[in-house]
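Structure file coords_30.pdb with PDB, C-alpha atoms:
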```
ATOM      1  CA  MET U   1      80.176 101.123  67.850
ATOM      2  CA  SER U   2      79.515 101.274  64.127
ATOM      3  CA  PRO U   3      80.417  98.316  61.895
ATOM      4  CA  SER U   4      82.942 100.402  59.949
ATOM      5  CA  THR U   5      85.136 101.085  62.994
ATOM      6  CA  LYS U   6      87.145  98.178  64.276
ATOM      7  CA  PRO U   7      88.192  98.075  67.901
ATOM      8  CA  SER U   8      91.877  98.198  68.662
ATOM      9  CA  TRP U   9      93.488  94.963  69.797
ATOM     10  CA  THR U  10      94.380  96.685  73.093
ATOM     11  CA  SER U  11      90.851  97.844  73.905
ATOM     12  CA  TRP U  12      88.577  95.130  72.499
ATOM     13  CA  ASP U  13      87.483  94.044  75.976
ATOM     14  CA  ALA U  14      87.034  97.506  77.513
ATOM     15  CA  PRO U  15      83.550  97.901  79.008
ATOM     16  CA  THR U  16      81.280 100.173  77.012
ATOM     17  CA  GLU U  17      78.222 100.056  79.250
ATOM     18  CA  ARG U  18      78.106 102.090  82.483
ATOM     19  CA  TRP U  19      76.655  99.210  84.534
ATOM     20  CA  LEU U  20      79.779  97.143  83.817
ATOM     21  CA  LEU U  21      82.021  99.736  85.411
ATOM     22  CA  SER U  22      82.526  99.347  89.143
ATOM     23  CA  GLY U  23      84.214 102.678  89.847
ATOM     24  CA  PHE U  24      86.307 105.411  88.296
ATOM     25  CA  ARG U  25      88.319 104.326  85.312
ATOM     26  CA  ARG U  26      91.999 103.839  86.008
ATOM     27  CA  GLU U  27      93.690 105.471  83.052
ATOM     28  CA  GLY U  28      96.734 103.704  81.680
ATOM     29  CA  GLN U  29      96.298 100.592  83.803
ATOM     30  CA  ALA U  30      95.200  97.151  82.751
ATOM     31  CA  ARG U  31      91.548  96.369  83.345
ATOM     32  CA  SER U  32      89.779  93.103  83.642
ATOM     33  CA  VAL U  33      86.218  93.197  82.381
ATOM     34  CA  LEU U  34      85.621  89.766  83.887
ATOM     35  CA  LEU U  35      86.730  90.918  87.354
ATOM     36  CA  GLU U  36      84.610  94.061  87.085
ATOM     37  CA  LEU U  37      81.567  92.089  85.964
ATOM     38  CA  VAL U  38      82.016  89.498  88.718
ATOM     39  CA  ALA U  39      82.455  92.298  91.260
ATOM     40  CA  ARG U  40      79.192  93.874  90.086
ATOM     41  CA  ILE U  41      77.339  90.568  90.444
ATOM     42  CA  VAL U  42      78.965  89.314  93.654
ATOM     43  CA  PHE U  43      78.935  92.656  95.534
ATOM     44  CA  PRO U  44      75.202  92.700  96.434
ATOM     45  CA  THR U  45      75.237  88.986  97.217
ATOM     46  CA  VAL U  46      78.103  89.356  99.681
ATOM     47  CA  LEU U  47      76.380  92.349 101.294
ATOM     48  CA  VAL U  48      73.231  90.265 101.808
ATOM     49  CA  LEU U  49      75.378  87.523 103.354
ATOM     50  CA  SER U  50      76.929  90.094 105.705
ATOM     51  CA  ILE U  51      73.452  91.263 106.788
ATOM     52  CA  TYR U  52      72.485  87.628 107.413
ATOM     53  CA  LEU U  53      75.599  87.160 109.553
ATOM     54  CA  LEU U  54      74.728  90.328 111.465
ATOM     55  CA  PHE U  55      71.274  89.054 112.420
ATOM     56  CA  ALA U  56      72.230  85.388 112.886
ATOM     57  CA  GLY U  57      75.021  86.301 115.301
ATOM     58  CA  HIS U  58      73.047  85.924 118.510
ATOM     59  CA  ASP U  59      72.128  82.257 118.080
ATOM     60  CA  ARG U  60      74.685  81.080 115.528
ATOM     61  CA  ALA U  61      78.118  82.071 114.236
ATOM     62  CA  GLY U  62      78.295  85.657 113.124
ATOM     63  CA  GLY U  63      77.507  89.028 114.617
ATOM     64  CA  GLY U  64      78.404  92.630 113.964
ATOM     65  CA  PHE U  65      82.139  92.081 113.717
ATOM     66  CA  THR U  66      81.909  89.084 111.380
ATOM     67  CA  GLY U  67      79.212  90.713 109.251
ATOM     68  CA  GLY U  68      81.233  93.936 109.059
ATOM     69  CA  LEU U  69      84.335  92.075 107.918
ATOM     70  CA  VAL U  70      82.369  90.233 105.221
ATOM     71  CA  ALA U  71      80.855  93.534 104.025
ATOM     72  CA  GLY U  72      84.358  95.003 104.058
ATOM     73  CA  GLN U  73      85.509  92.186 101.788
ATOM     74  CA  ALA U  74      82.732  93.099  99.341
ATOM     75  CA  PHE U  75      83.973  96.698  99.264
ATOM     76  CA  LEU U  76      87.542  95.454  98.884
ATOM     77  CA  LEU U  77      86.544  93.356  95.864
ATOM     78  CA  ARG U  78      84.811  96.362  94.373
ATOM     79  CA  HIS U  79      87.908  98.483  94.997
ATOM     80  CA  LEU U  80      90.230  95.905  93.413
ATOM     81  CA  ALA U  81      88.016  95.654  90.348
ATOM     82  CA  GLY U  82      87.563  99.348  89.673
ATOM     83  CA  GLY U  83      90.112 101.408  91.556
ATOM     84  CA  ARG U  84      88.850 104.109  93.860
ATOM     85  CA  MET U  85      85.157 103.840  94.307
ATOM     86  CA  ASP U  86      82.435 106.081  93.026
ATOM     87  CA  ASP U  87      80.856 107.296  96.274
ATOM     88  CA  SER U  88      77.480 107.894  94.699
ATOM     89  CA  ALA U  89      77.325 104.340  93.363
ATOM     90  CA  VAL U  90      78.471 102.525  96.501
ATOM     91  CA  VAL U  91      78.153 104.459  99.736
ATOM     92  CA  SER U  92      76.732 107.949 100.077
ATOM     93  CA  MET U  93      78.213 108.393 103.581
ATOM     94  CA  ARG U  94      81.839 109.133 104.251
ATOM     95  CA  PRO U  95      83.791 106.526 106.265
ATOM     96  CA  PRO U  96      84.331 108.791 109.311
ATOM     97  CA  VAL U  97      80.557 109.301 109.496
ATOM     98  CA  LEU U  98      79.996 105.525 109.438
ATOM     99  CA  ILE U  99      82.647 105.059 112.135
ATOM    100  CA  GLY U 100      81.070 107.737 114.335
ATOM    101  CA  LEU U 101      77.532 106.465 113.773
ATOM    102  CA  GLY U 102      78.544 102.879 114.554
ATOM    103  CA  LEU U 103      80.422 103.904 117.688
ATOM    104  CA  THR U 104      77.484 106.027 118.850
ATOM    105  CA  ILE U 105      74.960 103.208 118.311
ATOM    106  CA  ALA U 106      77.190 100.631 120.038
ATOM    107  CA  CYS U 107      77.882 102.861 123.054
ATOM    108  CA  ALA U 108      74.254 103.984 123.367
ATOM    109  CA  SER U 109      72.988 100.399 123.297
ATOM    110  CA  ALA U 110      75.583  99.404 125.899
ATOM    111  CA  PHE U 111      74.652 102.210 128.324
ATOM    112  CA  LEU U 112      70.876 102.307 127.691
ATOM    113  CA  PRO U 113      70.055  99.546 130.228
ATOM    114  CA  LEU U 114      71.636 101.703 132.968
ATOM    115  CA  LEU U 115      68.837 104.268 132.487
ATOM    116  CA  PHE U 116      66.242 101.611 133.321
ATOM    117  CA  GLY U 117      68.028 100.182 136.344
ATOM    118  CA  GLY U 118      69.767  97.369 134.475
ATOM    119  CA  GLN U 119      73.417  96.520 134.120
ATOM    120  CA  LEU U 120      75.893  97.651 131.509
ATOM    121  CA  LEU U 121      75.489  95.638 128.258
ATOM    122  CA  GLU U 122      72.385  93.876 129.593
ATOM    123  CA  THR U 123      70.353  92.122 126.919
ATOM    124  CA  ALA U 124      66.577  91.880 126.673
ATOM    125  CA  ILE U 125      64.690  89.334 124.595
ATOM    126  CA  TYR U 126      61.338  90.217 123.057
ATOM    127  CA  LYS U 127      59.091  87.615 121.423
ATOM    128  CA  PHE U 128      56.085  88.481 119.309
ATOM    129  CA  THR U 129      53.983  86.814 116.640
ATOM    130  CA  LEU U 130      53.398  88.101 113.130
ATOM    131  CA  PRO U 131      50.590  86.671 110.986
ATOM    132  CA  LEU U 132      52.660  85.347 108.058
ATOM    133  CA  LEU U 133      56.047  84.899 109.704
ATOM    134  CA  GLY U 134      55.037  83.273 112.956
ATOM    135  CA  GLU U 135      56.943  83.862 116.185
ATOM    136  CA  ILE U 136      59.746  86.408 115.956
ATOM    137  CA  LYS U 137      62.460  86.750 118.599
ATOM    138  CA  PHE U 138      64.219  90.114 118.879
ATOM    139  CA  VAL U 139      67.324  90.324 121.029
ATOM    140  CA  SER U 140      68.430  93.828 121.998
ATOM    141  CA  SER U 141      72.084  92.899 121.475
ATOM    142  CA  VAL U 142      71.370  93.165 117.732
ATOM    143  CA  ILE U 143      71.496  96.942 118.200
ATOM    144  CA  LEU U 144      75.026  96.669 119.620
ATOM    145  CA  ASP U 145      75.969  94.342 116.756
ATOM    146  CA  THR U 146      74.578  96.837 114.241
ATOM    147  CA  GLY U 147      76.789  99.549 115.730
ATOM    148  CA  VAL U 148      79.826  97.272 115.536
ATOM    149  CA  PHE U 149      78.877  96.364 111.941
ATOM    150  CA  LEU U 150      78.781 100.031 110.891
ATOM    151  CA  LEU U 151      82.019 100.723 112.759
ATOM    152  CA  ILE U 152      83.893  97.888 111.009
ATOM    153  CA  VAL U 153      82.517  98.807 107.562
ATOM    154  CA  GLY U 154      83.551 102.424 108.153
ATOM    155  CA  VAL U 155      87.067 101.401 109.204
ATOM    156  CA  VAL U 156      87.482  99.155 106.141
ATOM    157  CA  LEU U 157      86.215 101.895 103.800
ATOM    158  CA  ASP U 158      88.524 104.420 105.457
ATOM    159  CA  LEU U 159      91.490 102.059 105.043
ATOM    160  CA  LEU U 160      90.619 101.509 101.387
ATOM    161  CA  ARG U 161      90.306 105.244 100.834
ATOM    162  CA  THR U 162      93.540 106.049 102.645
ATOM    163  CA  LEU U 163      95.709 103.188 101.410
ATOM    164  CA  GLY U 164      94.139 103.111  97.964
ATOM    165  CA  SER U 165      94.727 106.796  97.319
ATOM    166  CA  GLY U 166      98.319 106.434  98.554
ATOM    167  CA  ILE U 167      98.963 103.500  96.247
ATOM    168  CA  GLU U 168      97.413 105.330  93.295
ATOM    169  CA  ALA U 169      99.494 108.450  94.077
ATOM    170  CA  ASP U 170     102.656 106.331  94.210
ATOM    171  CA  ALA U 171     101.754 104.710  90.889
ATOM    172  CA  ASP U 172     101.117 108.138  89.330
ATOM    173  CA  ALA U 173     104.462 109.427  90.639
ATOM    174  CA  ALA U 174     106.268 106.369  89.296
ATOM    175  CA  ALA U 175     104.576 106.807  85.902
ATOM    176  CA  ARG U 176     105.619 110.482  85.780
ATOM    177  CA  GLY U 177     109.183 109.506  86.707
ATOM    178  CA  ARG U 178     109.396 107.000  83.851
ATOM    179  CA  ARG U 179     108.408 109.506  81.190
TER     180      ARG U 179
END
```
Kindly transcribe the structure held in the file into structure tokens.
Amino acid sequence: MSPSTKPSWTSWDAPTERWLLSGFRREGQARSVLLELVARIVFPTVLVLSIYLLFAGHDRAGGGFTGGLVAGQAFLLRHLAGGRMDDSAVVSMRPPVLIGLGLTIACASAFLPLLFGGQLLETAIYKFTLPLLGEIKFVSSVILDTGVFLLIVGVVLDLLRTLGSGIEADADAAARGRR
């Protein structure tokens, strides 16, 4: 912005940098730069927390369902801050694909032990040592939790897409009716 042009009192806090925007611009609606900036900063942090909950779920509180819900809350915050989400900036997969992939992984990990003479949903524990990290314990139920995680994230994204587009369509119809 050049020094000779003064910003309008209604748009002085509108974001001018692309990295501040968290989605498509909602024309004619009030925006909060602070909420959009906080959403940009908090979003990756909450996703990392959801991944931690996914992997900590076997021994402590958490798991695929809890981690998926926390990740869903991150996407919800992003949706509230910027309206409908820019798919290329957030998730490159469509929600039905995430739902199908999660369901496939969860079902495959549940039935895989049957192929080796085990029982349905049987869990195996593998321990191995890495030079810098020490002893690592891998529990095969993490694969089931990962499927549940993807399933829950896909359902939340699908709900946001479906309900969010309906709400935006209703708002557009109400705005056209007022004119």
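Listed by chain and then by number, the residues chosen by the PyMOL selection byres ((chain U and resi 42) around 12) in this file are Ser22, Leu34, Leu35, Glu36, Leu37, Val38, Ala39, Arg40, Ile41, Phe43, Pro44, Thr45, Val46, Leu47, Val48, Leu49, Ala71, Gln73, Ala74, Phe75, Leu76, Leu77, Arg78 and Ala81 of chain U.
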Dump of C-alpha atoms for the selected residues, as a compact mmCIF listing (two decimals), in the coordinates of the input:
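Now in selection30.txt:
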```
# COMPACT_ATOMS: atom_id res chain seq x y z
CA SER U 22 82.53 99.35 89.14
CA LEU U 34 85.62 89.77 83.89
CA LEU U 35 86.73 90.92 87.35
CA GLU U 36 84.61 94.06 87.08
CA LEU U 37 81.57 92.09 85.96
CA VAL U 38 82.02 89.50 88.72
CA ALA U 39 82.46 92.30 91.26
CA ARG U 40 79.19 93.87 90.09
CA ILE U 41 77.34 90.57 90.44
CA PHE U 43 78.94 92.66 95.53
CA PRO U 44 75.20 92.70 96.43
CA THR U 45 75.24 88.99 97.22
CA VAL U 46 78.10 89.36 99.68
CA LEU U 47 76.38 92.35 101.29
CA VAL U 48 73.23 90.26 101.81
CA LEU U 49 75.38 87.52 103.35
CA ALA U 71 80.86 93.53 104.02
CA GLN U 73 85.51 92.19 101.79
CA ALA U 74 82.73 93.10 99.34
CA PHE U 75 83.97 96.70 99.26
CA LEU U 76 87.54 95.45 98.88
CA LEU U 77 86.54 93.36 95.86
CA ARG U 78 84.81 96.36 94.37
CA ALA U 81 88.02 95.65 90.35
```
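For the atom pair formed by CA of Arg60 (chain U) and CA of Val148 (chain U), the distance is 17.0 Å, given to one decimal.
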Find the spatial neighbours of Leu112 (chain U), counting only C-alpha atoms, within a cut-off of 12 Å - ignore same-chain residues fewer than 3 positions away - and output them as a list of chain:residue names.
U:Thr104, U:Ile105, U:Ala106, U:Cys107, U:Ala108, U:Ser109, U:Leu115, U:Phe116, U:Gly117, U:Gly118, U:Gln119, U:Leu120, U:Leu121, U:Glu122, U:Thr123, U:Ala124, U:Ser140, U:Ser141, U:Ile143, U:Leu144
Would you list the residues near (79.3, 94.0, 108.1) (no more than 7 Å away, in the coordinates of the file, using only C-alpha atoms) as a PyMOL selection string?
chain U and resi 50-51+54+64-72+149-150+152-153
So how many Å separate CA of Phe111 (chain U) and CA of Ile125 (chain U), to one decimal?
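Interatomic distance, CA of Phe111 (chain U) to CA of Ile125 (chain U): 16.7 Å.
CA of Gly102 (chain U) to CA of Leu151 (chain U) spans 4.5 Å [interatomic distance, one decimal].
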Name the residues in contact with Asp59 (chain U) at a cut-off of 12 Å, using all atoms listed in the file, excluding same-chain residues fewer than 5 positions from it; report them as JSON, numbers by chain.
{"U": [52, 53, 54, 137, 138, 139, 141, 142]}
Which is closest to Asp158 (chain U) among U:Leu130, U:Leu114, U:Leu103, U:Val97, if we use all atoms listed in the file?
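The answer is U:Val97, which sits nearest to Asp158 (chain U).
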Writing C-alpha atoms and nothing else, produce region 37-148 of chain U as a compact mmCIF listing (two decimals), in the first residue's frame.
```txt
# COMPACT_ATOMS: atom_id res chain seq x y z
CA LEU U 37 -3.79 -15.56 12.46
CA VAL U 38 -4.37 -17.68 15.57
CA ALA U 39 -5.90 -20.41 13.41
CA ARG U 40 -2.81 -20.37 11.18
CA ILE U 41 -0.50 -20.70 14.19
CA VAL U 42 -2.56 -23.15 16.26
CA PHE U 43 -3.59 -25.45 13.37
CA PRO U 44 -0.24 -27.29 12.97
CA THR U 45 0.25 -27.46 16.73
CA VAL U 46 -3.12 -29.13 17.26
CA LEU U 47 -2.41 -31.57 14.41
CA VAL U 48 0.87 -32.56 16.08
CA LEU U 49 -1.02 -33.06 19.35
CA SER U 50 -3.53 -35.29 17.53
CA ILE U 51 -0.67 -37.40 16.10
CA TYR U 52 0.79 -37.70 19.61
CA LEU U 53 -2.59 -38.86 20.93
CA LEU U 54 -2.79 -41.39 18.10
CA PHE U 55 0.53 -43.00 19.02
CA ALA U 56 0.19 -42.65 22.81
CA GLY U 57 -3.20 -44.37 22.79
CA HIS U 58 -1.98 -47.88 23.49
CA ASP U 59 -0.31 -47.16 26.83
CA ARG U 60 -1.95 -43.88 27.85
CA ALA U 61 -5.12 -41.91 27.13
CA GLY U 62 -5.70 -41.34 23.46
CA GLY U 63 -5.92 -43.48 20.37
CA GLY U 64 -7.31 -43.17 16.87
CA PHE U 65 -10.71 -41.88 17.90
CA THR U 66 -9.40 -39.26 20.32
CA GLY U 67 -6.64 -38.18 17.94
CA GLY U 68 -9.13 -37.96 15.07
CA LEU U 69 -11.48 -35.78 17.10
CA VAL U 70 -8.64 -33.44 18.09
CA ALA U 71 -7.53 -33.19 14.43
CA GLY U 72 -11.16 -32.54 13.52
CA GLN U 73 -11.21 -29.65 15.98
CA ALA U 74 -8.17 -28.17 14.23
CA PHE U 75 -10.01 -28.32 10.90
CA LEU U 76 -13.10 -26.84 12.55
CA LEU U 77 -11.06 -23.90 13.86
CA ARG U 78 -9.63 -23.38 10.40
CA HIS U 79 -13.12 -23.50 8.91
CA LEU U 80 -14.50 -21.00 11.44
CA ALA U 81 -11.63 -18.61 10.77
CA GLY U 82 -11.73 -18.64 6.99
CA GLY U 83 -14.99 -20.08 5.73
CA ARG U 84 -14.82 -23.02 3.36
CA MET U 85 -11.34 -24.36 3.18
CA ASP U 86 -8.87 -24.18 0.37
CA ASP U 87 -8.34 -27.87 -0.42
CA SER U 88 -4.86 -27.33 -1.79
CA ALA U 89 -3.74 -25.56 1.38
CA VAL U 90 -5.22 -27.99 3.91
CA VAL U 91 -6.02 -31.45 2.61
CA SER U 92 -5.39 -32.67 -0.91
CA MET U 93 -7.70 -35.69 -0.45
CA ARG U 94 -11.45 -35.50 -0.52
CA PRO U 95 -13.29 -36.53 2.68
CA PRO U 96 -14.93 -39.63 1.15
CA VAL U 97 -11.46 -40.87 0.14
CA LEU U 98 -10.21 -40.39 3.72
CA ILE U 99 -13.27 -42.20 5.07
CA GLY U 100 -12.77 -45.11 2.67
CA LEU U 101 -9.03 -45.30 3.28
CA GLY U 102 -9.50 -45.24 7.06
CA LEU U 103 -12.20 -47.90 6.94
CA THR U 104 -10.06 -50.09 4.68
CA ILE U 105 -7.00 -49.81 6.95
CA ALA U 106 -9.04 -50.49 10.10
CA CYS U 107 -10.81 -53.52 8.62
CA ALA U 108 -7.63 -54.93 7.07
CA SER U 109 -5.74 -54.65 10.35
CA ALA U 110 -8.62 -56.31 12.19
CA PHE U 111 -8.82 -59.29 9.80
CA LEU U 112 -5.09 -59.68 9.04
CA PRO U 113 -4.37 -61.89 12.09
CA LEU U 114 -6.91 -64.42 10.75
CA LEU U 115 -4.61 -65.08 7.77
CA PHE U 116 -1.82 -66.14 10.13
CA GLY U 117 -3.95 -68.35 12.36
CA GLY U 118 -4.66 -65.69 14.98
CA GLN U 119 -7.90 -64.28 16.26
CA LEU U 120 -9.88 -61.32 15.02
CA LEU U 121 -8.37 -58.02 16.29
CA GLU U 122 -5.38 -59.83 17.81
CA THR U 123 -2.50 -57.54 18.70
CA ALA U 124 1.21 -58.25 18.34
CA ILE U 125 3.97 -56.37 20.14
CA TYR U 126 7.35 -55.90 18.51
CA LYS U 127 10.36 -54.53 20.39
CA PHE U 128 13.56 -53.43 18.71
CA THR U 129 16.49 -51.17 19.51
CA LEU U 130 17.61 -48.17 17.50
CA PRO U 131 21.06 -46.64 18.07
CA LEU U 132 20.00 -43.11 19.09
CA LEU U 133 16.47 -43.73 20.33
CA GLY U 134 17.00 -46.85 22.39
CA GLU U 135 14.32 -49.53 22.72
CA ILE U 136 11.22 -48.97 20.61
CA LYS U 137 7.96 -50.84 21.17
CA PHE U 138 5.58 -51.15 18.22
CA VAL U 139 2.08 -52.43 18.88
CA SER U 140 0.15 -53.60 15.82
CA SER U 141 -3.05 -52.01 17.15
CA VAL U 142 -1.56 -48.67 16.07
CA ILE U 143 -2.49 -49.65 12.51
CA LEU U 144 -6.14 -50.05 13.56
CA ASP U 145 -5.94 -46.72 15.40
CA THR U 146 -4.51 -45.06 12.29
CA GLY U 147 -7.47 -46.32 10.27
CA VAL U 148 -9.90 -45.00 12.88
```
